[in-house]
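Engineer: My structure is stored as entry23.txt, with compact mmCIF, C-alpha atoms and all ligand atoms.
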```
# COMPACT_ATOMS: atom_id res chain seq x y z
CA MET Y 1 113.70 70.89 140.58
CA CYS Y 2 112.87 67.45 142.00
CA ILE Y 3 109.81 66.96 144.18
CA PHE Y 4 111.83 66.55 147.39
CA CYS Y 5 113.84 69.72 146.61
CA GLN Y 6 110.47 71.44 146.24
CA ILE Y 7 109.53 70.19 149.72
CA VAL Y 8 112.84 71.54 151.06
CA SER Y 9 112.25 74.94 149.43
CA GLY Y 10 108.66 75.06 150.70
CA GLU Y 11 107.03 75.03 147.25
CA ILE Y 12 105.29 71.76 148.14
CA PRO Y 13 103.92 71.17 151.65
CA ALA Y 14 105.03 68.21 153.74
CA LYS Y 15 104.26 66.88 157.18
CA LYS Y 16 107.64 67.49 158.77
CA VAL Y 17 108.60 65.15 161.58
CA TYR Y 18 112.09 66.53 162.16
CA GLU Y 19 114.37 69.14 160.66
CA ASN Y 20 117.89 70.40 161.24
CA GLU Y 21 120.27 72.50 159.16
CA ARG Y 22 121.03 69.77 156.64
CA VAL Y 23 118.42 67.02 157.08
CA LEU Y 24 114.65 66.77 156.84
CA ALA Y 25 112.29 63.95 157.84
CA PHE Y 26 108.67 63.97 156.72
CA LEU Y 27 105.73 61.61 156.44
CA ASP Y 28 105.49 59.61 153.23
CA VAL Y 29 102.31 60.78 151.52
CA ARG Y 30 101.29 57.18 150.68
CA PRO Y 31 102.50 55.14 153.63
CA VAL Y 32 103.16 51.41 153.57
CA ASN Y 33 102.03 51.59 157.20
CA PRO Y 34 101.01 54.73 159.14
CA GLY Y 35 104.07 56.62 160.37
CA HIS Y 36 106.12 55.70 157.27
CA THR Y 37 108.74 58.46 157.25
CA LEU Y 38 111.24 59.61 154.63
CA VAL Y 39 114.59 61.07 155.65
CA ILE Y 40 116.49 63.24 153.17
CA LEU Y 41 119.42 65.60 152.97
CA LYS Y 42 118.28 69.09 152.00
CA GLN Y 43 121.01 69.04 149.37
CA HIS Y 44 120.10 67.10 146.23
CA TYR Y 45 122.09 63.93 145.61
CA ARG Y 46 120.58 61.28 143.41
CA ASN Y 47 122.01 58.16 144.96
CA LEU Y 48 124.52 56.49 147.24
CA GLU Y 49 127.26 56.87 144.63
CA GLU Y 50 126.85 60.66 144.51
CA ILE Y 51 126.52 61.45 148.20
CA PRO Y 52 129.77 62.28 150.04
CA VAL Y 53 130.45 60.10 153.08
CA LEU Y 54 130.38 63.02 155.52
CA GLU Y 55 126.91 64.02 154.39
CA LEU Y 56 125.75 60.43 154.54
CA GLN Y 57 126.80 60.52 158.18
CA ASP Y 58 124.53 63.53 158.79
CA LEU Y 59 121.70 61.60 157.20
CA ILE Y 60 122.18 58.30 159.00
CA VAL Y 61 122.32 60.05 162.38
CA VAL Y 62 118.77 61.29 161.76
CA VAL Y 63 117.64 57.91 160.41
CA LYS Y 64 118.69 56.40 163.73
CA LYS Y 65 117.02 59.16 165.74
CA ILE Y 66 113.70 58.91 163.89
CA GLY Y 67 113.79 55.11 163.89
CA GLU Y 68 114.11 55.16 167.66
CA ARG Y 69 111.31 57.72 167.89
CA LEU Y 70 108.97 55.64 165.74
CA LYS Y 71 109.70 52.55 167.76
CA ALA Y 72 109.07 54.28 171.08
CA ARG Y 73 106.08 56.42 170.18
CA LEU Y 74 104.28 53.90 167.97
CA ASN Y 75 105.18 51.06 170.31
CA LEU Y 76 106.80 49.04 167.50
CA GLU Y 77 108.76 45.84 167.76
CA GLY Y 78 110.49 46.64 164.50
CA TYR Y 79 110.69 48.76 161.40
CA ASN Y 80 112.34 48.57 158.00
CA VAL Y 81 115.05 51.00 156.90
CA ILE Y 82 115.09 50.97 153.11
CA LEU Y 83 117.02 52.90 150.48
CA ASN Y 84 115.90 52.18 146.94
CA ASN Y 85 119.09 53.01 145.04
CA GLY Y 86 118.32 53.38 141.34
CA ALA Y 87 115.14 52.95 139.28
CA THR Y 88 115.70 49.20 138.93
CA ALA Y 89 115.67 48.95 142.71
CA GLY Y 90 112.37 50.83 142.91
CA GLN Y 91 113.62 54.42 143.25
CA THR Y 92 110.95 56.73 141.85
CA VAL Y 93 112.14 60.05 143.31
CA PRO Y 94 115.72 60.78 142.19
CA HIS Y 95 116.72 62.45 145.47
CA LEU Y 96 118.37 59.99 147.84
CA HIS Y 97 116.08 59.09 150.74
CA PHE Y 98 115.75 56.51 153.45
CA HIS Y 99 112.35 54.98 154.13
CA LEU Y 100 111.54 54.19 157.75
CA ILE Y 101 108.59 51.81 157.66
CA PRO Y 102 106.82 50.79 160.87
CA ARG Y 103 106.13 47.06 160.92
CA HIS Y 104 103.55 45.06 162.80
CA ARG Y 105 103.23 41.35 163.35
CA ASP Y 106 100.94 39.93 160.67
CA ASP Y 107 100.76 43.18 158.69
CA GLY Y 108 100.72 40.96 155.65
CA TYR Y 109 103.79 42.20 153.80
CA PRO Y 110 105.83 39.45 152.20
CA THR Y 111 109.49 39.10 153.04
CA TRP Y 112 112.14 38.88 150.33
CA LEU Y 113 112.16 35.76 148.24
CA HIS Y 114 115.48 33.99 148.61
CA VAL Y 115 117.09 31.56 146.20
CA ASP Y 116 119.85 29.00 146.60
CA TYR Y 117 123.20 29.29 144.83
CA GLY Y 118 123.88 26.52 142.35
CA SER Y 119 126.97 24.39 142.70
CA GLY Y 120 130.11 26.60 142.56
CA GLU Y 121 128.16 29.83 142.00
CA ALA Y 122 128.80 31.32 145.44
CA GLU Y 123 132.54 30.74 144.97
CA LYS Y 124 132.44 32.45 141.54
CA MET Y 125 130.54 35.38 143.03
CA LEU Y 126 133.07 35.67 145.82
CA GLU Y 127 135.91 35.94 143.25
CA ILE Y 128 134.05 38.86 141.62
CA LEU Y 129 133.20 40.70 144.81
CA LYS Y 130 135.98 40.20 147.33
CA ASN Y 131 138.89 42.61 147.81
P1 LIG U 201 111.04 55.61 146.18
O1 LIG U 201 110.09 54.74 145.39
O2 LIG U 201 112.00 54.86 147.03
O3 LIG U 201 111.71 56.64 145.29
O4 LIG U 201 110.11 56.39 147.21
C1 LIG U 201 109.48 57.58 146.94
C2 LIG U 201 108.45 57.80 148.02
O5 LIG U 201 108.10 59.17 148.02
C3 LIG U 201 107.14 57.02 147.81
O6 LIG U 201 106.95 56.15 148.93
C4 LIG U 201 106.08 58.10 147.71
O7 LIG U 201 104.89 57.74 148.35
C5 LIG U 201 106.75 59.28 148.38
N1 LIG U 201 106.32 60.59 147.94
C6 LIG U 201 106.19 61.03 146.67
N2 LIG U 201 105.81 62.31 146.64
C7 LIG U 201 105.70 62.71 147.95
C8 LIG U 201 105.33 63.92 148.61
N3 LIG U 201 105.01 65.02 147.90
N4 LIG U 201 105.33 63.95 149.95
C9 LIG U 201 105.65 62.85 150.66
N5 LIG U 201 106.01 61.68 150.11
C10 LIG U 201 106.04 61.60 148.77
ZN ZN U 202 116.10 66.96 144.91
```
In structure tokens, what does this structure look like?
Structural biologist:
Amino acid sequence: MCIFCQIVSGEIPAKKVYENERVLAFLDVRPVNPGHTLVILKQHYRNLEEIPVLELQDLIVVVKKIGERLKARLNLEGYNVILNNGATAGQTVPHLHFHLIPRHRDDGYPTWLHVDYGSGEAEKMLEILKN
């Protein structure tokens, strides 16, 4: 059983911020910033490809609710909502989860590094990705 399923079943303790029939939000044990919260479905799905759209809706409703709560109660200007989808993208726990990460001005975290497309590369990419 994965570690988040063990939290759901009660085998491993967690600091639960919110719970309903299908969704659980709890504090990340090693926060990027204090208040860093993880939001999961109680049902185990590994990634965005596996999760049915209707259940994703249940999950995103709670992401919004907890995001608003963090912002209000921690007096934040902003927070990151992150889903690391796949090990290459940084997913270490194979049970789909959203990170809600409180952010503060000058908290020292770098933003994404961006690169420029070379000549014609954006057009080639568009041919691959568009409908
Ligand atoms: P990710 O790298 O996106 O898979 O994120 C996994 C997150 O789970 C990390 O930020 C960990 O700190 C967190 N984590 C791992 N084990 C626990 C646990 N038992 N309780 C709370 N958070 C956990
Ligand atoms: Zn699981």
Engineer: Point out the residue among Y:Ile3, Y:Glu19, Y:Glu49, Y:Asn85 with the least atom-to-atom distance to His99 (chain Y), counting all atoms listed in the file.
Structural biologist: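 For His99 (chain Y), the nearest of the given residues is Y:Asn85.
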Engineer: Looking at Y:Arg22, Y:Arg30, Y:His95, Y:Arg73, which one is nearest to Cys5 (chain Y), with distances taken over all atoms listed in the file?
Structural biologist: Y:His95
Engineer: So how far away is CA of Leu54 (chain Y) from CA of Glu11 (chain Y), in Å?
Structural biologist: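 Those two atoms sit 27.5 Å apart.
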Engineer: Which residues are near ligand ZN 202 (chain U) in this structure, taking near to mean any atom at most 9 Å from a ligand atom and counting only C-alpha atoms and all ligand atoms? Format them as a ChimeraX atom specification.
Structural biologist: /Y:1-8,41-46,93-96
Engineer: Quick check, in Å to one decimal: how far apart do CA of Pro31 (chain Y) and atom C1 of ligand LIG 201 (chain U) lie?
Structural biologist: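 Between CA of Pro31 (chain Y) and atom C1 of ligand LIG 201 (chain U) the gap works out to 10.0 Å.
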Engineer: What does the distance between atom O5 of ligand LIG 201 (chain U) and CA of Ala72 (chain Y) come to in Å, to one decimal place?
Structural biologist: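 Taking atom O5 of ligand LIG 201 (chain U) as the start and CA of Ala72 (chain Y) as the end point, the length is 23.6 Å.
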Engineer: Check which residues fall inside 6 Å of ligand LIG 201 (chain U) when counting all atoms listed in the file, and print them as a list in words.
Structural biologist: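 Answer in the requested format: Ala14, Leu27, Asp28, Val29, Arg30, Asn84, Gly90, Gln91, Thr92 and Val93 of chain Y.
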Engineer: In terms of the shortest atom-to-atom distance over all atoms listed in the file, which of Y:Glu121, Y:Asn47, Y:Val17, Y:Leu129 is closest to Ala89 (chain Y)?
Structural biologist: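 For Ala89 (chain Y), the nearest of the candidates is Y:Asn47.
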Engineer: Would you kindly return, as a list in words, each protein, DNA or RNA residue with an atom no farther than 10 Å from any atom of Ile66 (chain Y), considering all atoms listed in the file and excluding same-chain residues fewer than 5 positions away?
Structural biologist: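 With the cut-off at 10 Å, the set is Val17, Tyr18, Ala25, Thr37, Leu38, Val39, Ile60, Val61, Lys71, Ala72 and Leu100 of chain Y.
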Engineer: Extending 6 Å beyond the listed atoms of region 68-82 of chain Y on each side, what axis-aligned box results? I want centre and edge lengths in Å to one decimal, as AutoDock Vina command-line options.
Structural biologist:
```
--center_x 109.7 --center_y 51.8 --center_z 162.1 --size_x 22.8 --size_y 23.9 --size_z 30.0
```
Engineer: Kindly indicate which residue among Y:Asn75, Y:Glu21, Y:His97, Y:Ala87 lies nearest to Leu56 (chain Y), using all atoms listed in the file for the distances.
Structural biologist: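 Looking only at the distances to Leu56 (chain Y), the closest residue turns out to be Y:His97.
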Engineer: Counting only C-alpha atoms, which residue out of Y:Ile40, Y:Val81, Y:Leu48, Y:Val32 sits closest to Lys16 (chain Y)?
Structural biologist: Y:Ile40
Engineer: Here is a test: counting all atoms listed in the file, which residue of Y:Val53, Y:His36, Y:His114, Y:Asp106 is nearest to Arg69 (chain Y)?
Structural biologist: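 Checking each of Y:Val53, Y:His36, Y:His114, Y:Asp106 against Arg69 (chain Y), counting all atoms listed in the file, the winner is Y:His36.
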Engineer: Applying 12 Å and all atoms listed in the file, which residues near Asp107 (chain Y) remain after dropping the ones on its own chain fewer than 4 positions away? List them as a PDB file with C-alpha atoms, keeping the file's coordinate frame.
Structural biologist:
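Dumped everything to part.pdb:
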```
ATOM      1  CA  VAL Y  32     103.160  51.410 153.570  1.00  0.00           C
ATOM      2  CA  ASN Y  33     102.030  51.590 157.200  1.00  0.00           C
ATOM      3  CA  PRO Y  34     101.010  54.730 159.140  1.00  0.00           C
ATOM      4  CA  GLY Y  78     110.490  46.640 164.500  1.00  0.00           C
ATOM      5  CA  TYR Y  79     110.690  48.760 161.400  1.00  0.00           C
ATOM      6  CA  ILE Y 101     108.590  51.810 157.660  1.00  0.00           C
ATOM      7  CA  PRO Y 102     106.820  50.790 160.870  1.00  0.00           C
ATOM      8  CA  ARG Y 103     106.130  47.060 160.920  1.00  0.00           C
ATOM      9  CA  THR Y 111     109.490  39.100 153.040  1.00  0.00           C
TER      10      THR Y 111
END
```
